[in-house]
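Q: Okay, so here is upload.cif, and as you'll see once you scroll down, it has mmCIF, C-alpha atoms and all ligand atoms.
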data_work
#
loop_
_atom_site.label_atom_id
_atom_site.label_comp_id
_atom_site.auth_asym_id
_atom_site.auth_seq_id
_atom_site.Cartn_x
_atom_site.Cartn_y
_atom_site.Cartn_z
CA MET A 1 -43.79 -110.81 131.87
CA ILE A 2 -44.48 -107.10 132.50
CA TYR A 3 -44.91 -104.83 129.49
CA SER A 4 -45.66 -101.14 129.44
CA ARG A 5 -48.55 -99.90 127.32
CA ILE A 6 -49.87 -96.51 126.23
CA THR A 7 -53.26 -95.79 127.81
CA GLY A 8 -53.69 -92.10 126.94
CA THR A 9 -52.24 -89.40 124.69
CA GLY A 10 -52.43 -85.60 124.76
CA GLY A 11 -51.05 -82.64 122.87
CA CYS A 12 -50.75 -78.86 123.07
CA LEU A 13 -50.02 -76.37 120.31
CA PRO A 14 -49.89 -72.76 121.51
CA GLY A 15 -51.75 -69.91 119.82
CA ASP A 16 -52.76 -69.57 116.20
CA PRO A 17 -50.82 -71.14 113.33
CA VAL A 18 -48.22 -68.88 111.70
CA ASP A 19 -47.99 -69.62 107.98
CA ASN A 20 -44.85 -69.26 105.87
CA ALA A 21 -45.90 -65.94 104.34
CA ALA A 22 -46.56 -64.40 107.77
CA LEU A 23 -43.22 -65.68 109.15
CA ILE A 24 -41.29 -64.35 106.13
CA ALA A 25 -43.01 -60.96 106.43
CA ALA A 26 -42.54 -60.72 110.20
CA HIS A 27 -38.75 -61.15 109.96
CA GLY A 28 -38.07 -59.75 106.49
CA LEU A 29 -36.62 -63.10 105.37
CA ASP A 30 -35.17 -63.68 101.92
CA SER A 31 -37.31 -66.81 101.45
CA SER A 32 -40.59 -67.94 99.91
CA ASP A 33 -43.55 -70.17 100.69
CA ASP A 34 -42.64 -72.25 97.61
CA TRP A 35 -39.06 -72.88 98.83
CA ILE A 36 -40.15 -73.88 102.33
CA VAL A 37 -42.98 -76.16 101.15
CA GLU A 38 -40.91 -77.80 98.43
CA ARG A 39 -37.78 -78.45 100.55
CA THR A 40 -39.45 -79.31 103.87
CA GLY A 41 -43.24 -79.81 103.53
CA ILE A 42 -43.82 -77.13 106.20
CA ARG A 43 -46.72 -74.72 105.66
CA SER A 44 -47.27 -73.37 109.18
CA ARG A 45 -46.20 -73.76 112.81
CA HIS A 46 -47.18 -72.50 116.27
CA PHE A 47 -45.16 -70.22 118.55
CA ALA A 48 -45.64 -69.86 122.29
CA PRO A 49 -46.40 -66.30 123.40
CA ALA A 50 -43.81 -64.44 125.51
CA GLY A 51 -43.88 -65.71 129.08
CA THR A 52 -45.09 -69.20 128.13
CA ALA A 53 -42.54 -71.89 128.96
CA ALA A 54 -42.10 -75.57 128.10
CA SER A 55 -43.74 -76.60 131.40
CA ASP A 56 -46.90 -74.63 130.49
CA LEU A 57 -47.29 -76.54 127.23
CA ALA A 58 -46.37 -79.80 128.98
CA LEU A 59 -49.10 -79.16 131.56
CA VAL A 60 -51.89 -78.94 128.96
CA ALA A 61 -50.63 -81.97 127.00
CA SER A 62 -50.30 -83.99 130.23
CA GLN A 63 -53.78 -83.06 131.47
CA ARG A 64 -55.22 -84.25 128.15
CA ALA A 65 -53.23 -87.50 128.29
CA LEU A 66 -54.33 -88.16 131.90
CA GLU A 67 -57.95 -87.52 130.96
CA ALA A 68 -57.69 -89.91 128.00
CA ALA A 69 -56.14 -92.57 130.27
CA GLY A 70 -58.86 -92.03 132.86
CA CYS A 71 -56.45 -91.45 135.71
CA ALA A 72 -55.75 -88.71 138.22
CA PRO A 73 -52.42 -86.83 138.54
CA ASN A 74 -51.58 -88.63 141.80
CA ASP A 75 -51.90 -92.01 140.05
CA ILE A 76 -48.61 -91.16 138.28
CA ASP A 77 -45.43 -92.41 139.98
CA LEU A 78 -42.85 -91.37 137.33
CA ILE A 79 -42.44 -88.34 135.05
CA VAL A 80 -39.85 -88.41 132.27
CA LEU A 81 -39.83 -85.17 130.31
CA ALA A 82 -37.77 -84.71 127.17
CA THR A 83 -36.78 -81.15 126.33
CA SER A 84 -33.89 -79.10 124.99
CA THR A 85 -35.62 -75.85 125.92
CA PRO A 86 -36.23 -76.26 129.68
CA ASP A 87 -37.80 -73.48 131.75
CA PHE A 88 -34.64 -73.20 133.90
CA ILE A 89 -31.17 -74.73 134.23
CA PHE A 90 -32.75 -76.29 137.33
CA PRO A 91 -35.11 -77.38 138.79
CA SER A 92 -36.05 -79.72 135.98
CA THR A 93 -39.08 -78.98 133.82
CA ALA A 94 -40.39 -82.38 134.97
CA ALA A 95 -40.35 -81.20 138.60
CA LEU A 96 -42.13 -77.97 137.59
CA LEU A 97 -44.70 -80.03 135.70
CA GLN A 98 -45.21 -82.28 138.71
CA ASP A 99 -46.00 -79.21 140.83
CA LYS A 100 -48.31 -77.68 138.21
CA LEU A 101 -50.22 -80.96 137.95
CA GLY A 102 -50.63 -81.05 141.73
CA ILE A 103 -48.81 -84.37 142.12
CA THR A 104 -47.90 -84.68 145.79
CA ASN A 105 -47.19 -88.42 146.05
CA GLY A 106 -43.40 -88.09 145.66
CA ALA A 107 -43.40 -89.43 142.09
CA ALA A 108 -39.91 -89.50 140.55
CA ALA A 109 -39.47 -86.70 138.00
CA PHE A 110 -36.56 -85.84 135.74
CA ASP A 111 -35.70 -84.27 132.40
CA LEU A 112 -34.02 -86.09 129.57
CA GLN A 113 -32.01 -84.34 126.87
CA ALA A 114 -31.68 -86.04 123.49
CA VAL A 115 -32.99 -83.16 121.34
CA CYS A 116 -35.32 -84.41 118.56
CA SER A 117 -34.86 -88.06 119.64
CA GLY A 118 -35.85 -87.03 123.17
CA PHE A 119 -39.31 -88.54 123.19
CA VAL A 120 -38.12 -91.94 121.93
CA TYR A 121 -35.36 -91.88 124.56
CA ALA A 122 -37.89 -90.90 127.29
CA LEU A 123 -40.29 -93.63 126.22
CA ALA A 124 -37.52 -96.26 126.26
CA VAL A 125 -36.39 -95.15 129.74
CA ALA A 126 -39.92 -95.14 131.19
CA ASP A 127 -40.61 -98.52 129.57
CA LYS A 128 -37.57 -99.98 131.35
CA PHE A 129 -38.66 -98.53 134.71
CA ILE A 130 -42.08 -100.10 134.31
CA ARG A 131 -40.75 -103.45 133.03
CA SER A 132 -38.46 -103.63 136.06
CA GLY A 133 -41.51 -103.47 138.32
CA SER A 134 -40.22 -100.38 140.18
CA HIS A 135 -42.92 -98.05 138.78
CA LYS A 136 -46.49 -98.60 137.64
CA ARG A 137 -47.71 -95.54 135.75
CA ALA A 138 -45.54 -92.98 133.96
CA LEU A 139 -46.16 -89.68 132.28
CA VAL A 140 -43.80 -89.41 129.30
CA VAL A 141 -43.64 -85.93 127.82
CA GLY A 142 -41.90 -84.05 125.02
CA ALA A 143 -42.17 -80.27 125.43
CA GLU A 144 -40.34 -77.55 123.53
CA VAL A 145 -40.23 -73.81 122.94
CA PHE A 146 -37.66 -73.85 120.14
CA SER A 147 -38.73 -70.33 119.13
CA ARG A 148 -36.55 -69.16 122.06
CA ILE A 149 -33.33 -70.48 120.49
CA LEU A 150 -33.89 -69.48 116.85
CA ASP A 151 -31.89 -66.81 115.04
CA TRP A 152 -34.63 -65.01 113.07
CA GLN A 153 -32.04 -63.77 110.58
CA ASP A 154 -30.93 -67.33 109.69
CA ARG A 155 -33.38 -68.41 107.00
CA GLY A 156 -31.80 -71.86 106.88
CA THR A 157 -33.12 -72.70 110.37
CA CYS A 158 -35.78 -70.25 111.59
CA VAL A 159 -38.41 -71.42 109.08
CA LEU A 160 -38.12 -75.05 110.22
CA PHE A 161 -39.14 -75.12 113.88
CA GLY A 162 -42.23 -74.60 116.04
CA ASP A 163 -43.34 -74.90 119.67
CA GLY A 164 -45.56 -77.55 121.28
CA ALA A 165 -45.86 -80.46 123.68
CA GLY A 166 -47.09 -84.02 123.55
CA ALA A 167 -47.60 -86.53 126.35
CA ILE A 168 -48.56 -90.13 126.94
CA VAL A 169 -49.53 -92.17 129.98
CA LEU A 170 -47.61 -95.45 130.08
CA GLU A 171 -48.90 -98.21 132.37
CA ALA A 172 -47.86 -101.68 133.39
CA SER A 173 -49.58 -104.39 131.36
CA HIS A 174 -49.33 -108.16 131.70
CA GLY A 175 -50.81 -109.36 128.43
CA ASN A 176 -48.76 -111.49 126.02
CA ASN A 177 -48.90 -110.29 122.39
CA GLY A 178 -51.32 -107.63 123.60
CA PRO A 179 -50.86 -103.88 123.67
CA GLY A 180 -47.42 -102.77 124.79
CA ILE A 181 -43.96 -101.50 123.91
CA TYR A 182 -42.36 -104.49 122.14
CA ALA A 183 -38.86 -103.15 121.54
CA THR A 184 -36.81 -99.97 121.72
CA ALA A 185 -33.39 -99.06 120.33
CA LEU A 186 -31.33 -95.98 121.23
CA HIS A 187 -28.07 -94.70 119.75
CA ALA A 188 -25.77 -91.68 119.83
CA ASP A 189 -22.56 -90.58 118.16
CA GLY A 190 -20.96 -87.49 119.68
CA ARG A 191 -18.50 -87.13 116.81
CA TYR A 192 -21.37 -85.43 114.94
CA ARG A 193 -21.92 -82.86 117.71
CA ASP A 194 -21.25 -79.86 115.46
CA ILE A 195 -23.76 -80.46 112.64
CA LEU A 196 -26.73 -79.53 114.84
CA ALA A 197 -26.11 -77.60 118.04
CA VAL A 198 -26.87 -74.68 120.31
CA ALA A 199 -23.27 -74.32 121.46
CA GLY A 200 -23.79 -71.81 124.25
CA HIS A 201 -24.17 -71.75 128.03
CA VAL A 202 -24.21 -69.37 130.97
CA SER A 203 -21.18 -68.82 133.20
CA GLY A 204 -20.56 -66.19 135.85
CA GLY A 205 -23.86 -64.55 134.94
CA GLN A 206 -22.80 -64.13 131.30
CA PRO A 207 -23.96 -65.94 128.16
CA ILE A 208 -20.97 -67.81 126.71
CA GLY A 209 -20.80 -68.99 123.08
CA ASP A 210 -23.62 -68.95 120.54
CA PRO A 211 -27.14 -69.02 122.05
CA PHE A 212 -28.81 -69.90 118.73
CA LEU A 213 -29.54 -73.17 116.95
CA ARG A 214 -27.07 -73.82 114.12
CA MET A 215 -27.39 -76.65 111.63
CA ASP A 216 -25.59 -78.04 108.62
CA GLY A 217 -28.89 -79.04 107.00
CA GLN A 218 -27.48 -81.26 104.27
CA ALA A 219 -25.21 -83.20 106.65
CA VAL A 220 -28.13 -83.72 109.04
CA PHE A 221 -30.39 -84.79 106.20
CA LYS A 222 -27.95 -87.45 104.92
CA PHE A 223 -27.25 -88.76 108.41
CA ALA A 224 -30.96 -88.89 109.29
CA VAL A 225 -31.97 -90.86 106.20
CA LYS A 226 -29.24 -93.44 106.85
CA VAL A 227 -29.66 -94.03 110.58
CA LEU A 228 -33.47 -93.94 110.58
CA ALA A 229 -33.61 -96.80 108.09
CA GLU A 230 -31.06 -98.78 110.16
CA VAL A 231 -32.77 -98.25 113.51
CA ALA A 232 -36.19 -99.11 112.04
CA ASP A 233 -34.81 -102.47 110.89
CA GLU A 234 -33.10 -103.00 114.25
CA VAL A 235 -36.21 -102.47 116.33
CA ILE A 236 -38.43 -104.56 114.06
CA ARG A 237 -35.93 -107.43 114.29
CA ALA A 238 -35.61 -107.01 118.06
CA ALA A 239 -39.38 -107.43 118.36
CA GLY A 240 -39.21 -110.62 116.26
CA MET A 241 -41.40 -109.02 113.61
CA THR A 242 -41.13 -108.05 109.95
CA ALA A 243 -41.65 -104.67 108.26
CA ASP A 244 -44.91 -105.80 106.67
CA GLN A 245 -46.41 -106.17 110.16
CA VAL A 246 -46.03 -102.42 110.83
CA ASP A 247 -49.39 -100.65 110.40
CA TRP A 248 -48.25 -97.08 111.03
CA LEU A 249 -45.03 -95.08 111.03
CA VAL A 250 -44.98 -92.08 113.39
CA PRO A 251 -41.65 -90.43 112.66
CA HIS A 252 -40.03 -87.31 114.05
CA GLN A 253 -41.46 -84.46 111.99
CA ALA A 254 -38.49 -82.56 110.52
CA ASN A 255 -38.81 -82.84 106.77
CA ILE A 256 -41.39 -84.61 104.58
CA ARG A 257 -38.60 -85.84 102.28
CA ILE A 258 -36.90 -87.70 105.16
CA MET A 259 -40.24 -89.30 106.11
CA GLN A 260 -40.90 -90.34 102.50
CA SER A 261 -37.46 -91.94 102.33
CA THR A 262 -37.98 -93.92 105.57
CA ALA A 263 -41.47 -95.07 104.52
CA LYS A 264 -40.10 -96.19 101.14
CA LYS A 265 -37.29 -98.21 102.75
CA LEU A 266 -39.91 -99.93 104.95
CA ARG A 267 -42.08 -100.49 101.84
CA LEU A 268 -44.85 -98.68 103.68
CA PRO A 269 -47.19 -96.51 101.59
CA ILE A 270 -46.81 -92.85 102.56
CA GLU A 271 -50.50 -92.86 103.57
CA ARG A 272 -49.40 -95.12 106.47
CA CYS A 273 -46.98 -92.46 107.70
CA ILE A 274 -48.44 -89.87 110.10
CA VAL A 275 -47.53 -86.41 108.82
CA THR A 276 -47.98 -83.26 110.88
CA VAL A 277 -44.85 -81.36 109.80
CA ASP A 278 -46.98 -79.36 107.35
CA ARG A 279 -48.93 -77.79 110.25
CA HIS A 280 -46.55 -78.14 113.23
CA GLY A 281 -43.09 -77.64 111.71
CA ASN A 282 -40.32 -79.35 113.65
CA THR A 283 -41.20 -79.31 117.37
CA SER A 284 -38.17 -81.41 118.33
CA ALA A 285 -38.94 -83.74 121.30
CA ALA A 286 -42.65 -82.86 121.05
CA SER A 287 -43.12 -83.86 117.42
CA ILE A 288 -43.65 -87.62 117.83
CA PRO A 289 -46.13 -87.50 120.75
CA LEU A 290 -48.00 -84.63 119.04
CA ALA A 291 -48.29 -86.67 115.82
CA LEU A 292 -49.30 -89.79 117.76
CA ASP A 293 -51.95 -87.86 119.69
CA GLU A 294 -53.40 -86.35 116.53
CA ALA A 295 -53.54 -89.76 114.83
CA VAL A 296 -55.17 -91.44 117.84
CA ARG A 297 -57.74 -88.67 118.39
CA SER A 298 -58.69 -88.59 114.70
CA GLY A 299 -59.25 -92.36 114.82
CA LYS A 300 -56.52 -93.09 112.23
CA ILE A 301 -54.48 -95.16 114.69
CA GLY A 302 -56.54 -97.42 116.93
CA ALA A 303 -56.37 -100.29 119.40
CA GLY A 304 -54.46 -103.28 118.06
CA ASP A 305 -52.41 -101.30 115.53
CA THR A 306 -48.66 -101.88 115.37
CA VAL A 307 -46.83 -98.55 115.37
CA LEU A 308 -43.20 -97.66 114.72
CA LEU A 309 -41.94 -94.45 116.33
CA GLU A 310 -38.54 -93.09 115.34
CA GLY A 311 -36.51 -89.95 115.76
CA VAL A 312 -33.14 -88.38 115.09
CA GLY A 313 -31.60 -85.24 116.51
CA GLY A 314 -28.63 -83.25 117.79
CA GLY A 315 -25.84 -85.05 119.56
CA PHE A 316 -26.14 -86.94 117.24
CA THR A 317 -28.86 -89.13 118.74
CA TRP A 318 -31.35 -91.50 117.17
CA GLY A 319 -33.76 -94.20 118.22
CA ALA A 320 -36.95 -96.13 117.56
CA ALA A 321 -39.73 -97.92 119.41
CA LEU A 322 -42.08 -100.61 118.12
CA LEU A 323 -45.37 -100.94 119.96
CA LYS A 324 -48.90 -102.23 119.77
CA LEU A 325 -51.55 -99.75 120.81
O1 LIG B 1 -34.81 -82.24 113.86
C1 LIG B 1 -33.50 -82.71 113.67
C2 LIG B 1 -33.34 -83.18 112.35
N1 LIG B 1 -33.30 -82.09 111.40
C3 LIG B 1 -33.45 -82.39 110.14
O2 LIG B 1 -33.73 -83.50 109.84
C4 LIG B 1 -33.22 -81.32 109.08
C5 LIG B 1 -32.50 -81.96 107.92
N2 LIG B 1 -32.19 -81.06 106.83
C6 LIG B 1 -33.15 -80.54 106.02
O3 LIG B 1 -34.32 -80.76 106.25
C7 LIG B 1 -32.72 -79.77 104.80
O4 LIG B 1 -31.32 -79.90 104.61
C8 LIG B 1 -33.09 -78.26 104.86
C9 LIG B 1 -34.58 -78.09 104.73
C10 LIG B 1 -32.60 -77.67 106.17
C11 LIG B 1 -32.42 -77.51 103.71
O5 LIG B 1 -32.81 -78.07 102.47
P1 LIG B 1 -31.71 -78.40 101.34
O6 LIG B 1 -32.44 -78.92 100.21
O7 LIG B 1 -30.69 -79.29 102.01
O8 LIG B 1 -31.14 -76.98 101.03
P2 LIG B 1 -29.63 -76.43 101.19
O9 LIG B 1 -29.27 -76.29 102.62
O10 LIG B 1 -28.75 -77.24 100.31
O11 LIG B 1 -29.78 -75.00 100.55
C12 LIG B 1 -30.07 -74.83 99.16
C13 LIG B 1 -30.18 -73.34 98.90
C14 LIG B 1 -29.01 -72.54 99.46
O12 LIG B 1 -28.75 -71.48 98.55
P3 LIG B 1 -27.53 -71.57 97.51
O13 LIG B 1 -26.31 -71.74 98.34
O14 LIG B 1 -27.83 -72.79 96.67
O15 LIG B 1 -27.61 -70.28 96.78
C15 LIG B 1 -29.55 -71.96 100.73
O16 LIG B 1 -28.90 -70.77 101.08
O17 LIG B 1 -31.34 -72.82 99.56
C16 LIG B 1 -30.98 -71.68 100.33
N3 LIG B 1 -31.89 -71.60 101.48
C17 LIG B 1 -33.07 -70.97 101.40
N4 LIG B 1 -33.68 -70.34 100.39
C18 LIG B 1 -34.88 -69.83 100.64
C19 LIG B 1 -31.73 -72.08 102.73
N5 LIG B 1 -32.80 -71.78 103.48
C20 LIG B 1 -33.64 -71.09 102.68
C21 LIG B 1 -34.90 -70.52 102.88
N6 LIG B 1 -35.49 -69.91 101.83
N7 LIG B 1 -35.56 -70.58 104.05
#
Could you write out this file's structure as structure tokens?

A:
Amino acid sequence: MIYSRITGTGGCLPGDPVDNAALIAAHGLDSSDDWIVERTGIRSRHFAPAGTAASDLALVASQRALEAAGCAPNDIDLIVLATSTPDFIFPSTAALLQDKLGITNGAAAFDLQAVCSGFVYALAVADKFIRSGSHKRALVVGAEVFSRILDWQDRGTCVLFGDGAGAIVLEASHGNNGPGIYATALHADGRYRDILAVAGHVSGGQPIGDPFLRMDGQAVFKFAVKVLAEVADEVIRAAGMTADQVDWLVPHQANIRIMQSTAKKLRLPIERCIVTVDRHGNTSAASIPLALDEAVRSGKIGAGDTVLLEGVGGGFTWGAALLKL
């Protein structure tokens, strides 16, 4: 039986942190540090400087993941990159990353778009490629520059997001009950397309529609709390395990109150939930691999730990993965 296992993680946060007070002052927002901290848990975030694209952040995160895995760029035969803020309409950010990494072995490379669930989707897809035996070593990346799609006059959204990238190296593994991805579950429901969207595009050289992120925060919040609890149960059952066997929860970092709710439903103490939203804000597809990388590098999460990853985002999309590190 072939499994896929994580052999290296990496992350990249651009520039210096921007705290709530600085963000409010920079854009003259009618907001406060107290409101943002109390409602979301966010204290600061990072923004990519002008001219820095998702592939630049992905490059740094990927180099760190490759170094941690002890492998060279040309050892990779598959790149799956999750982003909603690609460098271009095409070529894919994954192809740009492949070039920047100097991969010349013809490795397959493509982008995947599932917004804040993007990394869980990308991990599930790469896992299936590796399990099928068609590929041996994948780079799975979440990379975002959400600052490019924020309306700085919309206080209900612009205080929530940040830029960053996270990456993992996923390799074929043959061990039974050893390290590996045990189960994944992915879902979507397009009927909820309007509650979180950037409903714009380019046509005939002109921007069409609204180029900014719009969100019905309360509707998203309620939906997220419900489906994250369901998909956590689903993936734990699919792995033939029980919630008390989960050592760590690494959730999408959107709002501390959503994370607290999920941890409570799993009967997991909040100390067992990796929290980076206070310092990263919501980095969409990058948030889970960034949180995982931070937890692994700090020694919190280590070899043999059972970890539940889960995310929810625009579309609506949601998903989870249960793995042993
Ligand atoms: O990554 C994808 C998943 N995304 C999420 O999971 C986000 C889910 N949603 C949320 O996290 C929360 O709904 C928010 C943090 C976005 C909003 O928190 P809330 O507790 O749901 O607040 P609300 O939208 O009900 O707004 C309450 C009040 C409103 O004022 P009124 O109408 O009561 O006078 C808002 O206009 O807070 C106001 N408000 C703000 N006040 C100060 C909204 N944004 C701000 C702000 N500063 N930045």

Q: Using only C-alpha atoms and all ligand atoms, which residue out of A:Pro73, A:Gly41, A:Pro207, A:Gly313 lies closest to ligand LIG 1 (chain B)?

A: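 Answer, going by the shortest atom-to-atom distance: A:Gly313.
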
Q: With a distance cut-off of 12 Å and all atoms listed in the file, select the neighbouring residues of Thr52 of chain A, excluding the residue or stretch itself and same-chain residues fewer than 3 positions from it, and output the selection as a ChimeraX atom specification.

A: /A:13-15,47-49,55-60,85-87,143-148,163-164

Q: Take the point (-44.7, -100.1, 120.2) in the file's coordinates, draw a sphere of radius 10 Å around it, and report as number ranges by chain every protein, DNA or RNA residue with an atom inside or on it, counting all atoms listed in the file.

A: A: 4-6, 123, 179-184, 235-236, 239, 246, 305-309, 320-325

Q: Pick out the residues sitting within 9 Å of Gln113 of chain A, and hand them over as an NGL selection string; count only C-alpha atoms, and ignore anything fewer than 3 positions along from it in its own chain.

A: :A and (81-84 or 116-118 or 121-122 or 285)

Q: Which value, in Å to one decimal, gives the distance between atom CA of Ala185 of chain A and atom CA of Ala94 of chain A?

A: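 Straight-line distance from atom CA of Ala185 of chain A to atom CA of Ala94 of chain A works out to 23.3 Å.
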
Q: Please, which residues have at least one atom within 9 Å of an atom of ligand LIG 1 (chain B), using all atoms listed in the file, listed as a ChimeraX atom specification?

A: /A:24,29-36,38-41,115-117,154-161,196,215-225,252-258,282-285,311-314
